[in-house]
file protein_28.tsv (TSV, C-alpha atoms and all ligand atoms)
chain	number	residue	atom	x	y	z
M	1	MET	CA	18.70	7.46	24.76
M	2	SER	CA	18.44	3.69	24.73
M	3	PRO	CA	21.80	1.90	25.06
M	4	LEU	CA	20.66	-0.66	22.48
M	5	ASN	CA	22.46	-0.92	19.16
M	6	GLY	CA	20.42	-0.83	16.01
M	7	VAL	CA	20.51	-1.54	12.31
M	8	LEU	CA	18.63	0.27	9.57
M	9	LEU	CA	18.30	-2.42	6.91
M	10	ASP	CA	16.88	-0.40	4.01
M	11	LEU	CA	17.29	3.28	4.84
M	12	ALA	CA	17.33	4.29	1.15
M	13	THR	CA	13.67	3.22	0.92
M	14	ILE	CA	12.83	5.95	3.43
M	15	ASP	CA	15.38	8.74	3.05
M	16	GLN	CA	16.29	10.29	-0.28
M	17	GLY	CA	18.74	12.65	1.46
M	18	ASP	CA	15.81	15.02	2.09
M	19	LEU	CA	14.83	14.06	5.64
M	20	ASP	CA	15.85	15.12	9.12
M	21	LEU	CA	17.25	11.91	10.62
M	22	SER	CA	18.15	13.44	13.99
M	23	PRO	CA	15.19	11.70	15.75
M	24	LEU	CA	17.02	8.41	15.10
M	25	ASP	CA	20.20	9.64	16.81
M	26	ARG	CA	18.08	10.81	19.74
M	27	VAL	CA	17.03	7.23	20.52
M	28	CYS	CA	20.04	5.16	19.62
M	29	GLY	CA	23.65	6.23	19.36
M	30	ALA	CA	24.91	3.10	17.69
M	31	TRP	CA	23.19	2.69	14.33
M	32	ARG	CA	24.55	0.69	11.46
M	33	ARG	CA	22.93	2.18	8.37
M	34	TYR	CA	22.46	0.20	5.15
M	35	PRO	CA	20.83	1.83	2.14
M	36	GLN	CA	19.50	-1.59	1.11
M	37	THR	CA	19.81	-5.23	2.22
M	38	GLU	CA	19.51	-8.01	-0.35
M	39	PRO	CA	18.37	-11.45	0.90
M	40	PRO	CA	21.89	-12.97	1.04
M	41	GLN	CA	23.07	-10.01	3.18
M	42	ILE	CA	20.33	-10.19	5.83
M	43	LEU	CA	22.19	-12.24	8.46
M	44	ASP	CA	25.38	-10.24	8.03
M	45	HIS	CA	23.52	-6.92	8.27
M	46	LEU	CA	21.47	-8.01	11.30
M	47	GLY	CA	24.69	-9.04	13.06
M	48	ASP	CA	24.35	-8.49	16.81
M	49	ALA	CA	21.76	-5.70	16.47
M	50	GLN	CA	19.19	-5.46	19.23
M	51	ILE	CA	16.89	-3.21	17.18
M	52	ALA	CA	16.27	-3.85	13.48
M	53	VAL	CA	14.40	-1.33	11.34
M	54	THR	CA	12.98	-2.79	8.13
M	55	ASN	CA	10.75	-1.13	5.61
M	56	LYS	CA	10.48	-4.03	3.17
M	57	VAL	CA	13.42	-6.37	3.93
M	58	ALA	CA	11.75	-9.72	4.63
M	59	LEU	CA	12.57	-11.15	8.06
M	60	ASP	CA	11.53	-14.79	8.01
M	61	ARG	CA	11.90	-17.49	10.64
M	62	ALA	CA	15.40	-18.44	9.47
M	63	ALA	CA	16.59	-14.83	9.76
M	64	LEU	CA	15.03	-14.34	13.19
M	65	THR	CA	16.43	-17.54	14.64
M	66	SER	CA	19.88	-16.52	13.40
M	67	ALA	CA	19.74	-13.16	15.19
M	68	PRO	CA	19.76	-14.04	18.91
M	69	SER	CA	20.49	-10.46	20.04
M	70	LEU	CA	17.36	-9.03	18.42
M	71	ARG	CA	14.82	-7.55	20.87
M	72	LEU	CA	12.77	-5.17	18.73
M	73	ILE	CA	11.81	-5.16	15.05
M	74	CYS	CA	10.55	-1.76	14.04
M	75	ILE	CA	8.67	-2.04	10.75
M	76	ALA	CA	8.92	1.29	8.94
M	77	ALA	CA	5.53	0.68	7.30
M	78	THR	CA	1.95	-0.26	8.19
M	79	GLY	CA	1.97	-3.59	6.36
M	80	THR	CA	3.62	-6.32	8.42
M	81	ASN	CA	3.35	-9.19	5.92
M	82	HIS	CA	7.11	-9.37	5.26
M	83	VAL	CA	7.95	-10.23	8.87
M	84	ASP	CA	7.21	-13.67	10.37
M	85	LEU	CA	5.22	-12.45	13.35
M	86	ASN	CA	4.76	-15.95	14.80
M	87	ALA	CA	8.50	-16.60	14.76
M	88	ALA	CA	9.12	-13.19	16.36
M	89	ARG	CA	6.60	-13.94	19.12
M	90	GLU	CA	8.15	-17.36	19.77
M	91	GLN	CA	11.61	-15.78	19.96
M	92	GLY	CA	10.39	-13.07	22.36
M	93	ILE	CA	11.14	-10.32	19.82
M	94	ALA	CA	8.78	-7.34	20.05
M	95	VAL	CA	7.42	-5.98	16.75
M	96	ALA	CA	6.09	-2.46	16.21
M	97	ASN	CA	4.83	-0.84	13.00
M	98	MET	CA	3.72	2.56	11.68
M	99	VAL	CA	0.14	3.63	12.26
M	100	ARG	CA	-1.60	6.52	10.42
M	101	TYR	CA	1.70	7.93	9.10
M	102	ALA	CA	0.78	7.93	5.41
M	103	THR	CA	-2.95	8.64	5.36
M	104	PRO	CA	-2.91	11.94	3.39
M	105	ALA	CA	-0.41	10.55	0.88
M	106	VAL	CA	-2.25	7.27	0.28
M	107	VAL	CA	-5.66	8.93	0.05
M	108	GLN	CA	-4.43	11.41	-2.56
M	109	HIS	CA	-2.80	8.56	-4.50
M	110	VAL	CA	-6.01	6.52	-4.46
M	111	PHE	CA	-7.87	9.50	-5.89
M	112	ALA	CA	-5.08	10.26	-8.35
M	113	LEU	CA	-5.62	6.75	-9.75
M	114	ILE	CA	-9.42	6.98	-9.67
M	115	LEU	CA	-9.42	10.43	-11.30
M	116	ALA	CA	-6.82	9.52	-13.92
M	117	LEU	CA	-8.95	6.52	-14.93
M	118	THR	CA	-12.29	8.37	-14.93
M	119	THR	CA	-10.98	11.47	-16.76
M	120	ARG	CA	-8.79	9.31	-19.08
M	121	LEU	CA	-5.82	11.49	-18.18
M	122	PRO	CA	-3.09	9.17	-19.59
M	123	GLU	CA	-4.87	8.82	-22.95
M	124	TYR	CA	-5.54	12.57	-23.34
M	125	HIS	CA	-1.99	13.40	-22.26
M	126	ARG	CA	-0.64	10.98	-24.88
M	127	ALA	CA	-3.02	12.37	-27.52
M	128	VAL	CA	-1.75	15.94	-26.99
M	129	ALA	CA	1.87	14.79	-26.86
M	130	SER	CA	1.43	12.98	-30.16
M	131	GLY	CA	-0.02	16.09	-31.85
M	132	ALA	CA	-3.62	14.82	-32.18
M	133	TRP	CA	-5.14	18.02	-30.68
M	134	GLN	CA	-3.00	20.30	-32.81
M	135	GLN	CA	-4.33	18.60	-35.96
M	136	HIS	CA	-7.96	18.45	-34.81
M	137	ASP	CA	-10.78	20.46	-36.42
M	138	ARG	CA	-12.68	21.10	-33.15
M	139	PHE	CA	-11.68	22.88	-29.93
M	140	CYS	CA	-11.58	19.69	-27.88
M	141	LEU	CA	-10.73	16.06	-28.38
M	142	MET	CA	-13.38	13.68	-27.09
M	143	ASP	CA	-11.89	10.38	-28.17
M	144	TYR	CA	-12.13	8.74	-24.75
M	145	PRO	CA	-15.35	8.64	-22.72
M	146	ILE	CA	-15.16	10.55	-19.42
M	147	ARG	CA	-17.25	9.71	-16.37
M	148	GLU	CA	-18.10	11.63	-13.19
M	149	LEU	CA	-17.62	10.35	-9.66
M	150	ALA	CA	-20.65	12.19	-8.26
M	151	GLY	CA	-23.56	9.83	-7.82
M	152	ARG	CA	-21.45	6.73	-8.25
M	153	THR	CA	-20.69	4.06	-5.66
M	154	LEU	CA	-17.35	3.28	-4.02
M	155	GLY	CA	-16.84	-0.09	-2.34
M	156	ILE	CA	-14.20	-0.39	0.37
M	157	LEU	CA	-12.59	-3.63	1.45
M	158	GLY	CA	-10.69	-3.02	4.71
M	159	TYR	CA	-12.37	-0.26	6.70
M	160	GLY	CA	-9.50	0.81	8.93
M	161	GLU	CA	-7.44	4.00	8.89
M	162	LEU	CA	-7.02	4.24	5.11
M	163	GLY	CA	-10.39	2.78	4.13
M	164	GLN	CA	-12.21	5.33	6.31
M	165	ALA	CA	-10.10	8.24	5.07
M	166	VAL	CA	-10.77	7.26	1.43
M	167	ALA	CA	-14.49	7.00	2.24
M	168	ARG	CA	-14.55	10.59	3.59
M	169	VAL	CA	-13.02	12.00	0.41
M	170	ALA	CA	-15.33	9.87	-1.75
M	171	GLU	CA	-18.31	11.39	0.03
M	172	ALA	CA	-16.91	14.87	-0.65
M	173	PHE	CA	-16.98	13.91	-4.36
M	174	GLY	CA	-20.66	13.02	-3.98
M	175	MET	CA	-20.08	9.28	-4.03
M	176	GLN	CA	-22.05	6.75	-2.05
M	177	VAL	CA	-19.84	4.43	0.03
M	178	LEU	CA	-20.43	0.73	0.68
M	179	VAL	CA	-18.18	-1.13	3.13
M	180	ALA	CA	-17.47	-4.82	2.60
M	181	GLN	CA	-18.01	-7.21	5.45
M	182	ARG	CA	-14.83	-9.06	6.39
M	183	PRO	CA	-15.08	-12.34	4.46
M	184	GLY	CA	-15.67	-15.10	7.00
M	185	GLY	CA	-16.09	-12.45	9.71
M	186	GLU	CA	-19.17	-11.77	11.79
M	187	THR	CA	-22.08	-9.81	10.31
M	188	ARG	CA	-21.85	-6.14	11.23
M	189	GLU	CA	-24.49	-3.49	10.78
M	190	GLY	CA	-23.90	-1.38	7.69
M	191	ARG	CA	-21.48	-3.88	6.13
M	192	VAL	CA	-22.25	-5.67	2.87
M	193	VAL	CA	-21.19	-9.23	2.05
M	194	LEU	CA	-18.45	-9.00	-0.61
M	195	GLU	CA	-20.37	-11.03	-3.21
M	196	GLN	CA	-23.32	-8.65	-2.84
M	197	LEU	CA	-21.16	-5.54	-2.80
M	198	LEU	CA	-19.16	-6.29	-5.95
M	199	PRO	CA	-22.03	-5.98	-8.49
M	200	GLN	CA	-23.11	-2.67	-6.90
M	201	VAL	CA	-19.87	-0.69	-7.00
M	202	ASP	CA	-18.43	1.58	-9.68
M	203	VAL	CA	-15.07	1.62	-7.89
M	204	LEU	CA	-13.66	-1.01	-5.53
M	205	SER	CA	-10.73	0.17	-3.38
M	206	LEU	CA	-8.70	-2.34	-1.36
M	207	HIS	CA	-7.41	-1.35	2.10
M	208	CYS	CA	-7.04	-4.61	4.03
M	209	PRO	CA	-3.71	-6.13	5.10
M	210	LEU	CA	-2.20	-9.10	3.25
M	211	THR	CA	-2.89	-12.15	5.42
M	212	ASP	CA	-3.62	-15.83	4.81
M	213	THR	CA	-7.30	-14.84	4.57
M	214	THR	CA	-6.88	-11.98	2.11
M	215	ARG	CA	-4.29	-13.58	-0.22
M	216	GLY	CA	-5.98	-13.99	-3.62
M	217	LEU	CA	-9.25	-12.62	-2.23
M	218	ILE	CA	-10.01	-10.79	-5.48
M	219	GLY	CA	-9.80	-13.48	-8.16
M	220	ALA	CA	-11.54	-14.33	-11.43
M	221	ARG	CA	-14.84	-15.05	-9.66
M	222	GLU	CA	-14.88	-11.74	-7.78
M	223	LEU	CA	-13.81	-9.76	-10.88
M	224	GLY	CA	-16.60	-11.52	-12.77
M	225	LEU	CA	-19.12	-10.19	-10.26
M	226	MET	CA	-18.06	-6.57	-10.89
M	227	ARG	CA	-19.72	-4.28	-13.42
M	228	ARG	CA	-18.12	-4.13	-16.84
M	229	ASP	CA	-17.31	-0.44	-16.34
M	230	ALA	CA	-16.16	-0.73	-12.71
M	231	LEU	CA	-12.65	0.23	-11.57
M	232	LEU	CA	-10.43	-1.72	-9.18
M	233	ILE	CA	-7.94	0.27	-7.09
M	234	ASN	CA	-5.27	-1.63	-5.19
M	235	THR	CA	-2.93	0.33	-2.94
M	236	ALA	CA	-2.96	-2.41	-0.26
M	237	ARG	CA	-0.83	-5.41	-1.30
M	238	GLY	CA	-0.39	-7.02	-4.71
M	239	ALA	CA	-1.07	-10.59	-3.62
M	240	ILE	CA	-4.60	-9.71	-2.43
M	241	VAL	CA	-5.49	-9.78	-6.13
M	242	ASP	CA	-5.00	-12.66	-8.57
M	243	GLU	CA	-2.89	-10.61	-10.97
M	244	SER	CA	-3.28	-12.97	-13.95
M	245	ALA	CA	-7.05	-12.88	-13.51
M	246	LEU	CA	-7.01	-9.07	-13.33
M	247	ALA	CA	-4.88	-8.79	-16.48
M	248	GLU	CA	-7.31	-11.10	-18.28
M	249	ALA	CA	-10.39	-9.21	-17.01
M	250	LEU	CA	-8.94	-5.94	-18.33
M	251	ARG	CA	-8.02	-7.46	-21.69
M	252	LEU	CA	-11.53	-8.92	-22.10
M	253	GLY	CA	-13.21	-5.70	-20.91
M	254	ALA	CA	-14.81	-7.64	-18.04
M	255	ILE	CA	-14.07	-4.63	-15.81
M	256	GLY	CA	-13.52	-1.02	-16.85
M	257	GLY	CA	-10.04	-0.32	-15.50
M	258	ALA	CA	-7.57	-0.73	-12.68
M	259	GLY	CA	-5.15	1.41	-10.72
M	260	VAL	CA	-2.48	-0.65	-8.99
M	261	ASP	CA	0.29	0.65	-6.73
M	262	VAL	CA	1.44	-2.72	-5.41
M	263	LEU	CA	2.49	-6.00	-7.02
M	264	SER	CA	2.87	-9.46	-5.51
M	265	THR	CA	6.68	-9.28	-5.89
M	266	GLU	CA	8.50	-5.95	-5.56
M	267	PRO	CA	10.55	-4.96	-7.39
M	268	PRO	CA	9.00	-7.13	-10.11
M	269	ARG	CA	12.35	-8.31	-11.43
M	270	GLY	CA	10.89	-11.58	-12.72
M	271	GLY	CA	8.06	-9.78	-14.55
M	272	ASN	CA	4.40	-9.69	-13.61
M	273	PRO	CA	1.18	-10.37	-15.54
M	274	LEU	CA	0.14	-6.74	-14.99
M	275	LEU	CA	3.30	-5.45	-16.65
M	276	THR	CA	2.54	-7.15	-19.97
M	277	PRO	CA	2.37	-4.39	-22.61
M	278	GLY	CA	-0.99	-3.43	-24.06
M	279	ILE	CA	-3.33	-4.11	-21.13
M	280	PRO	CA	-6.06	-1.48	-21.56
M	281	ASN	CA	-7.17	0.98	-18.87
M	282	LEU	CA	-4.48	-0.04	-16.43
M	283	ILE	CA	-2.25	2.31	-14.47
M	284	VAL	CA	0.57	0.76	-12.45
M	285	THR	CA	2.62	2.90	-10.04
M	286	PRO	CA	5.75	1.59	-8.27
M	287	HIS	CA	4.51	1.34	-4.65
M	288	ILE	CA	4.64	5.07	-4.06
M	289	ALA	CA	1.22	5.82	-2.56
M	290	TRP	CA	2.83	6.37	0.85
M	291	ALA	CA	5.99	8.10	-0.31
M	292	SER	CA	5.39	11.84	0.17
M	293	ARG	CA	8.28	13.61	1.90
M	294	GLU	CA	5.96	14.45	4.77
M	295	ALA	CA	4.98	10.80	5.30
M	296	ARG	CA	8.60	9.64	5.11
M	297	GLN	CA	9.56	12.21	7.76
M	298	ARG	CA	6.71	10.89	9.92
M	299	VAL	CA	8.23	7.40	9.47
M	300	VAL	CA	11.52	8.65	10.94
M	301	GLU	CA	9.73	10.26	13.89
M	302	GLU	CA	7.57	7.20	14.48
M	303	ILE	CA	10.60	4.86	14.44
M	304	ALA	CA	12.08	7.02	17.21
M	305	THR	CA	8.81	7.05	19.15
M	306	ASN	CA	8.47	3.26	18.87
M	307	ILE	CA	12.02	2.72	20.14
M	308	GLU	CA	11.57	5.19	23.02
M	309	ALA	CA	8.34	3.47	24.02
M	310	PHE	CA	9.97	0.03	23.84
M	311	TRP	CA	12.84	1.24	26.02
M	312	ALA	CA	10.34	2.69	28.51
M	313	GLY	CA	8.45	-0.62	28.59
M	314	ILE	CA	5.39	0.84	26.87
M	315	ALA	CA	3.68	-1.24	24.17
M	316	HIS	CA	3.25	1.46	21.51
M	317	ASN	CA	2.23	0.48	17.95
M	318	ARG	CA	2.91	-3.14	18.89
M	319	VAL	CA	1.80	-5.67	16.31
M	401	LIG	N1	0.69	1.44	-1.01
M	401	LIG	C1	1.16	2.03	0.06
M	401	LIG	O1	2.02	2.89	-0.03
M	401	LIG	C2	0.62	1.67	1.41
M	401	LIG	C3	-0.08	0.50	1.60
M	401	LIG	N2	-0.60	0.20	2.84
M	401	LIG	C4	-1.38	-1.03	2.96
M	401	LIG	O2	-2.67	-0.68	3.41
M	401	LIG	C5	-3.08	-1.58	4.42
M	401	LIG	C6	-4.13	-0.92	5.31
M	401	LIG	O3	-3.53	0.14	6.04
M	401	LIG	P1	-4.35	0.85	7.23
M	401	LIG	O4	-5.71	1.22	6.78
M	401	LIG	O5	-3.47	1.91	7.78
M	401	LIG	O6	-4.46	-0.36	8.26
M	401	LIG	P2	-5.58	-0.62	9.36
M	401	LIG	O7	-5.07	-1.72	10.21
M	401	LIG	O8	-5.98	0.66	10.01
M	401	LIG	O9	-6.84	-1.12	8.52
M	401	LIG	C7	-6.93	-2.39	7.94
M	401	LIG	C8	-8.37	-2.82	8.02
M	401	LIG	O10	-8.52	-4.02	7.28
M	401	LIG	C9	-9.43	-4.85	8.01
M	401	LIG	N3	-9.27	-6.25	7.61
M	401	LIG	C10	-8.37	-7.15	8.05
M	401	LIG	N4	-8.57	-8.32	7.43
M	401	LIG	C11	-9.61	-8.15	6.59
M	401	LIG	C12	-10.30	-8.99	5.70
M	401	LIG	N5	-9.99	-10.28	5.59
M	401	LIG	N6	-11.31	-8.45	4.96
M	401	LIG	C13	-11.66	-7.17	5.10
M	401	LIG	N7	-11.05	-6.33	5.96
M	401	LIG	C14	-10.04	-6.82	6.69
M	401	LIG	C15	-9.07	-4.60	9.47
M	401	LIG	O11	-10.14	-4.97	10.32
M	401	LIG	C16	-8.86	-3.09	9.45
M	401	LIG	O12	-10.08	-2.41	9.66
M	401	LIG	C17	-1.78	-1.98	5.11
M	401	LIG	O13	-1.89	-3.23	5.75
M	401	LIG	C18	-0.79	-2.01	3.97
M	401	LIG	O14	-0.74	-3.31	3.43
M	401	LIG	C19	-0.44	1.05	3.90
M	401	LIG	C20	0.26	2.21	3.77
M	401	LIG	C21	0.87	2.61	2.52
M	402	LIG	O1	3.19	1.34	4.97
M	402	LIG	C1	3.06	0.41	4.16
M	402	LIG	O2	2.49	-0.64	4.46
M	402	LIG	C2	3.59	0.54	2.80
M	402	LIG	O3	3.31	-0.27	1.98
M	402	LIG	C3	4.55	1.61	2.48
M	402	LIG	O4	5.81	1.19	2.78

call {"tool": "encode", "arguments": {"input": "protein_28.tsv", "output": "structure tokens"}}
result
Amino acid sequence: MSPLNGVLLDLATIDQGDLDLSPLDRVCGAWRRYPQTEPPQILDHLGDAQIAVTNKVALDRAALTSAPSLRLICIAATGTNHVDLNAAREQGIAVANMVRYATPAVVQHVFALILALTTRLPEYHRAVASGAWQQHDRFCLMDYPIRELAGRTLGILGYGELGQAVARVAEAFGMQVLVAQRPGGETREGRVVLEQLLPQVDVLSLHCPLTDTTRGLIGARELGLMRRDALLINTARGAIVDESALAEALRLGAIGGAGVDVLSTEPPRGGNPLLTPGIPNLIVTPHIAWASREARQRVVEEIATNIEAFWAGIAHNRV
């Protein structure tokens, strides 16, 4: 066990009282556990901790410079955009994240969104709940057009762990997969420049990290290049998409639908263009693609593994 003392800044975002947390006790005997940390509480909660575990509590330069004891930040997620990595590096604080922990959960969520939009599940569910089927004169309602995935084309932006796993399932559905070339990146065989990919795809699924390069990458221009019946699926990060432009594209029917698990600010206490009532063919889920019990248990185990590796001087899952 490492003799370091640690703080869990937002444990309630991982454990719903249904996980085995003993791996954490195996690696650090002195945890301070906070269900949640609001911005004004960050410095107080960090205190003299040497290890800080954050799922989504933002650790910016000001927070890191005010926590001189900190030696390891363990991000309980794959996305690292809420931690100032440059400031951490300058302060000599190691940062580790979660790799591959949520792949089955995210992939099934991506397809839950794609399938709900193509089979018009929300509309048919609402129609039955409102009694429309019961009053109908035929055996089935066909008020909303249904499409098949087989033979259609999926575009993937961000061909890492999740992008590749989504591609494999898409192929099992009989879809053709096109992979976007990293904008501004070098030309790679089999990759398609984003501007050329967008008009070809029936579904575009985002799986790149949020960085300075990807912020706002899918804006009005890119949405305008997509087919009028194409779907956009975003389980990556909200700010990769211009949310006002997406809301407008859906309202105007410039694209066919969208499934969004992530918003630019979470929770969206100040509202969000995509939460405006009445936007057609839009499904918004509250950042739960990753959140299966199995994946959350893997988070606990991976936090322990990252701390053990750090203590042993091994750079495991280092960002
Ligand atoms: N909604 C949710 O619950 C979850 C969301 N995520 C998000 O998904 C993202 C991807 O996760 P993984 O696939 O596991 O990460 P990964 O690191 O395996 O893959 C990311 C891929 O994006 C590529 N990439 C980076 N910049 C790019 C750019 N400018 N254009 C195109 N591609 C670019 C990288 O080369 C890499 O291949 C995470 O960064 C996180 O933001 C991850 C897990 C759960
Ligand atoms: O792992 C991630 O990046 C997520 O967004 C889930 O917390």

call {"tool": "closest_residue", "arguments": {"input": "protein_28.tsv", "among": "M:Arg237, M:Arg269, M:Arg61, M:Arg293", "to": "ligand LIG 402 (chain M)", "atoms": "all atoms listed in the file"}}
result
M:Arg237

call {"tool": "residues_near_ligand", "arguments": {"input": "protein_28.tsv", "ligand": "ligand LIG 402 (chain M)", "cutoff": "10 Å", "atoms": "all atoms listed in the file", "output": "ChimeraX atom specification"}}
result
/M:13-14,54-56,75-82,97-103,106,209-210,235-237,261-262,287-291,295-296,299

call {"tool": "write_last_selection", "arguments": {"input": "protein_28.tsv", "atoms": "C-alpha atoms", "output": "mmCIF file, keeping the file's coordinate frame"}}
result
data_model
loop_
_atom_site.group_PDB
_atom_site.id
_atom_site.type_symbol
_atom_site.label_atom_id
_atom_site.label_comp_id
_atom_site.auth_asym_id
_atom_site.auth_seq_id
_atom_site.Cartn_x
_atom_site.Cartn_y
_atom_site.Cartn_z
ATOM 1 C CA THR M 13 13.670 3.220 0.920
ATOM 2 C CA ILE M 14 12.830 5.950 3.430
ATOM 3 C CA THR M 54 12.980 -2.790 8.130
ATOM 4 C CA ASN M 55 10.750 -1.130 5.610
ATOM 5 C CA LYS M 56 10.480 -4.030 3.170
ATOM 6 C CA ILE M 75 8.670 -2.040 10.750
ATOM 7 C CA ALA M 76 8.920 1.290 8.940
ATOM 8 C CA ALA M 77 5.530 0.680 7.300
ATOM 9 C CA THR M 78 1.950 -0.260 8.190
ATOM 10 C CA GLY M 79 1.970 -3.590 6.360
ATOM 11 C CA THR M 80 3.620 -6.320 8.420
ATOM 12 C CA ASN M 81 3.350 -9.190 5.920
ATOM 13 C CA HIS M 82 7.110 -9.370 5.260
ATOM 14 C CA ASN M 97 4.830 -0.840 13.000
ATOM 15 C CA MET M 98 3.720 2.560 11.680
ATOM 16 C CA VAL M 99 0.140 3.630 12.260
ATOM 17 C CA ARG M 100 -1.600 6.520 10.420
ATOM 18 C CA TYR M 101 1.700 7.930 9.100
ATOM 19 C CA ALA M 102 0.780 7.930 5.410
ATOM 20 C CA THR M 103 -2.950 8.640 5.360
ATOM 21 C CA VAL M 106 -2.250 7.270 0.280
ATOM 22 C CA PRO M 209 -3.710 -6.130 5.100
ATOM 23 C CA LEU M 210 -2.200 -9.100 3.250
ATOM 24 C CA THR M 235 -2.930 0.330 -2.940
ATOM 25 C CA ALA M 236 -2.960 -2.410 -0.260
ATOM 26 C CA ARG M 237 -0.830 -5.410 -1.300
ATOM 27 C CA ASP M 261 0.290 0.650 -6.730
ATOM 28 C CA VAL M 262 1.440 -2.720 -5.410
ATOM 29 C CA HIS M 287 4.510 1.340 -4.650
ATOM 30 C CA ILE M 288 4.640 5.070 -4.060
ATOM 31 C CA ALA M 289 1.220 5.820 -2.560
ATOM 32 C CA TRP M 290 2.830 6.370 0.850
ATOM 33 C CA ALA M 291 5.990 8.100 -0.310
ATOM 34 C CA ALA M 295 4.980 10.800 5.300
ATOM 35 C CA ARG M 296 8.600 9.640 5.110
ATOM 36 C CA VAL M 299 8.230 7.400 9.470
#

call {"tool": "residues_around", "arguments": {"input": "protein_28.tsv", "residues": "range 23-33 of chain M", "least_positions_apart": "2", "cutoff": "8 Å", "atoms": "all atoms listed in the file", "output": "ChimeraX atom specification"}}
result
/M:1-11,20-21,35,300-301,303-304,307-308

call {"tool": "atom_distance", "arguments": {"input": "protein_28.tsv", "atom1": "atom C7 of ligand LIG 401 (chain M)", "atom2": "CA of Gly158 in chain M"}}
result
5.0 Å

call {"tool": "residues_near_point", "arguments": {"input": "protein_28.tsv", "point": "(21.8, -8.6, 4.0)", "cutoff": "12 Å", "atoms": "only C-alpha atoms", "output": "list of chain:residue names"}}
result
M:Val7, M:Leu8, M:Leu9, M:Asp10, M:Arg33, M:Tyr34, M:Pro35, M:Gln36, M:Thr37, M:Glu38, M:Pro39, M:Pro40, M:Gln41, M:Ile42, M:Leu43, M:Asp44, M:His45, M:Leu46, M:Gly47, M:Ala52, M:Thr54, M:Val57, M:Ala58, M:Leu59, M:Ala63

call {"tool": "closest_residue", "arguments": {"input": "protein_28.tsv", "among": "M:Ile255, M:Ile156, M:Ala105, M:Leu70", "to": "Gln176 in chain M", "atoms": "all atoms listed in the file"}}
result
M:Ile156

call {"tool": "closest_residue", "arguments": {"input": "protein_28.tsv", "among": "M:Glu266, M:Glu161, M:Asp212, M:Glu123", "to": "ligand LIG 401 (chain M)", "atoms": "only C-alpha atoms and all ligand atoms"}}
result
M:Glu161

call {"tool": "residues_around", "arguments": {"input": "protein_28.tsv", "residues": "Asn234 in chain M", "least_positions_apart": "3", "cutoff": "8 Å", "atoms": "all atoms listed in the file", "output": "CSV table (one decimal) with C-alpha atoms, keeping the file's coordinate frame"}}
result
chain,number,residue,atom,x,y,z
M,205,SER,CA,-10.7,0.2,-3.4
M,206,LEU,CA,-8.7,-2.3,-1.4
M,207,HIS,CA,-7.4,-1.4,2.1
M,237,ARG,CA,-0.8,-5.4,-1.3
M,238,GLY,CA,-0.4,-7.0,-4.7
M,258,ALA,CA,-7.6,-0.7,-12.7
M,259,GLY,CA,-5.2,1.4,-10.7
M,260,VAL,CA,-2.5,-0.6,-9.0
M,261,ASP,CA,0.3,0.6,-6.7
M,262,VAL,CA,1.4,-2.7,-5.4

call {"tool": "closest_residue", "arguments": {"input": "protein_28.tsv", "among": "M:Val319, M:Glu302, M:His109, M:Arg138", "to": "Pro286 in chain M", "atoms": "all atoms listed in the file"}}
result
M:His109

call {"tool": "closest_residue", "arguments": {"input": "protein_28.tsv", "among": "M:Ala172, M:Ala94, M:Val166, M:Leu252", "to": "ligand LIG 401 (chain M)", "atoms": "all atoms listed in the file"}}
result
M:Val166
